[in-house]
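A.B. asks: Below you will find the structure I want to go over with you.
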Amino acid sequence: MTHPSIPGFAEHRVQVDDGVTLNAAVGGAGSPVVLLHGFPQTHLMWRHVAADLAADHTVICPDLRGYGASDKPVESGPETYSKRTMARDVVRLAAALGHDRFTLAGHDRGALVAFRAAMDHPEAVARALFLDVLPTLDMWDALHGVSAAVGFHLYLMAQPAGLPEQMIQASADAFFAHFLDAWTNAPHAIPAEIREHYLAASAAAVPSIVADYRASAGADVEHDTADREAGNRLAMPVTVLQQDWGAALGYHAQGLWSAWAGDLRHRTVSCGHFMAEEDPDLIAGEIRSLAGR
């Protein structure tokens, strides 16, 4: 699949598992920063932030397993698209590119992968930034009553294989476009060329995207629960930027994150969900500040 590119970045294909190769755009020079995209996007959501950070960092922007130009293995069990597996992909990718320790930033689904990478691989993740998510376990606890309707897609894609894939594939453009439209405060931030790329990439990845979400109602909950029961916490400095979802859904976001991270900086921001595209200067500044700690 052809797609737009980040100017000045070279795309690499790196094998990270048996039969699984990730596509990654790499540019710049300096201390490494890995940027993980969200749904329904690809690594191109970081195009502005990555170009900014490349002035003083080596920037690695992969397409996650199951997304974009990366491989999309068939879901053979709950671990195929668990965040633990996807996090391991990212650590192996960085190592293959020569970086055993790095700053990690993730948005949406990529933030959940980043969270699991930071929990499972503290030797590799020096600092972490999470954009507009709660950890999986807290996310499910926060959704209740009619307010949970905002997360209808989470429940749809949590269903057993077959029905959700069929329903989404039948109206893929309408389904994925809904989120691009509903979750942004600045539609101009996702221009037509990029929007078309996101829709085409997502339509070509329906089974793997659903499998990623299905894992968040199964294996990912189990992994978070095990960490919570063991008292495990994030060992590195953490920054979290979120919209004020807590006011709408009735939870205290900073309090929930504080249970996972002792060294926490939490900010509520006014831009929409697609922060790296709506306010790239803010996000690049936050990453640069975190990476310099």
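Simple scheme: letters A, B, ... for chains in structure tokens order, numbers from 1 for residues in each chain, numbers from 1 for ligands in the order shown.
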Counting only C-alpha atoms, give me one row per residue of region 8-50 of chain A with an atom at most 12 Å from an atom of region 250-273 of chain A, showing the shortest contact pair and its distance in Å to one decimal, sorted by chain then residue number, as CSV.
C.D. replies:
residue,atom,partner,partner_atom,distance
A:Gly38,CA,A:His273,CA,10.0
A:Phe39,CA,A:His273,CA,10.5
A:Pro40,CA,A:His273,CA,11.6
A:Met45,CA,A:His273,CA,11.7
A.B. asks: What residues in region 85-196 of chain A get the DSSP label strand (DSSP E)? Please answer as a list in words.
C.D. replies: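 Selection result, strand (DSSP E) within region 85-196 of chain A: Phe102, Thr103, Leu104, Ala105, Gly106, His107, Val125, Ala126, Arg127, Ala128, Leu129, Phe130 and Leu131 of chain A.
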A.B. asks: Need the shell around His48 (chain A): protein/DNA/RNA residues with any atom at most 8 Å away, counting only C-alpha atoms. Skip same-chain ones fewer than 3 positions apart. Format as a PyMOL selection string?
C.D. replies: chain A and resi 45+51-52+276-277+280
A.B. asks: Which residues of region 102-210 of chain A come within 9 Å of region 3-16 of chain A, and for each one, what is the closest pair of atoms and their distance in Å to one decimal, counting only C-alpha atoms, sorted by chain and residue number, as JSON lines?
C.D. replies:
{"residue": "A:Glu193", "atom": "CA", "partner": "A:Pro4", "partner_atom": "CA", "distance": 7.8}
{"residue": "A:Ile194", "atom": "CA", "partner": "A:Pro4", "partner_atom": "CA", "distance": 7.3}
{"residue": "A:His197", "atom": "CA", "partner": "A:His3", "partner_atom": "CA", "distance": 6.3}
{"residue": "A:Ala201", "atom": "CA", "partner": "A:His3", "partner_atom": "CA", "distance": 8.9}
A.B. asks: Which is closest to Thr42 (chain A) among A:Val133, A:Leu241, A:Leu199, A:Val206, if we use only C-alpha atoms?
C.D. replies: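 Of the candidates, the smallest distance to Thr42 (chain A) is held by A:Leu199.
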A.B. asks: Return the single residue from A:Ala170, A:Ala161, A:Val238, A:Ala177 that is closest to Ala118 (chain A), with distances computed using only C-alpha atoms.
C.D. replies: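 Using only C-alpha atoms, Ala118 (chain A) sits closest to A:Val238.
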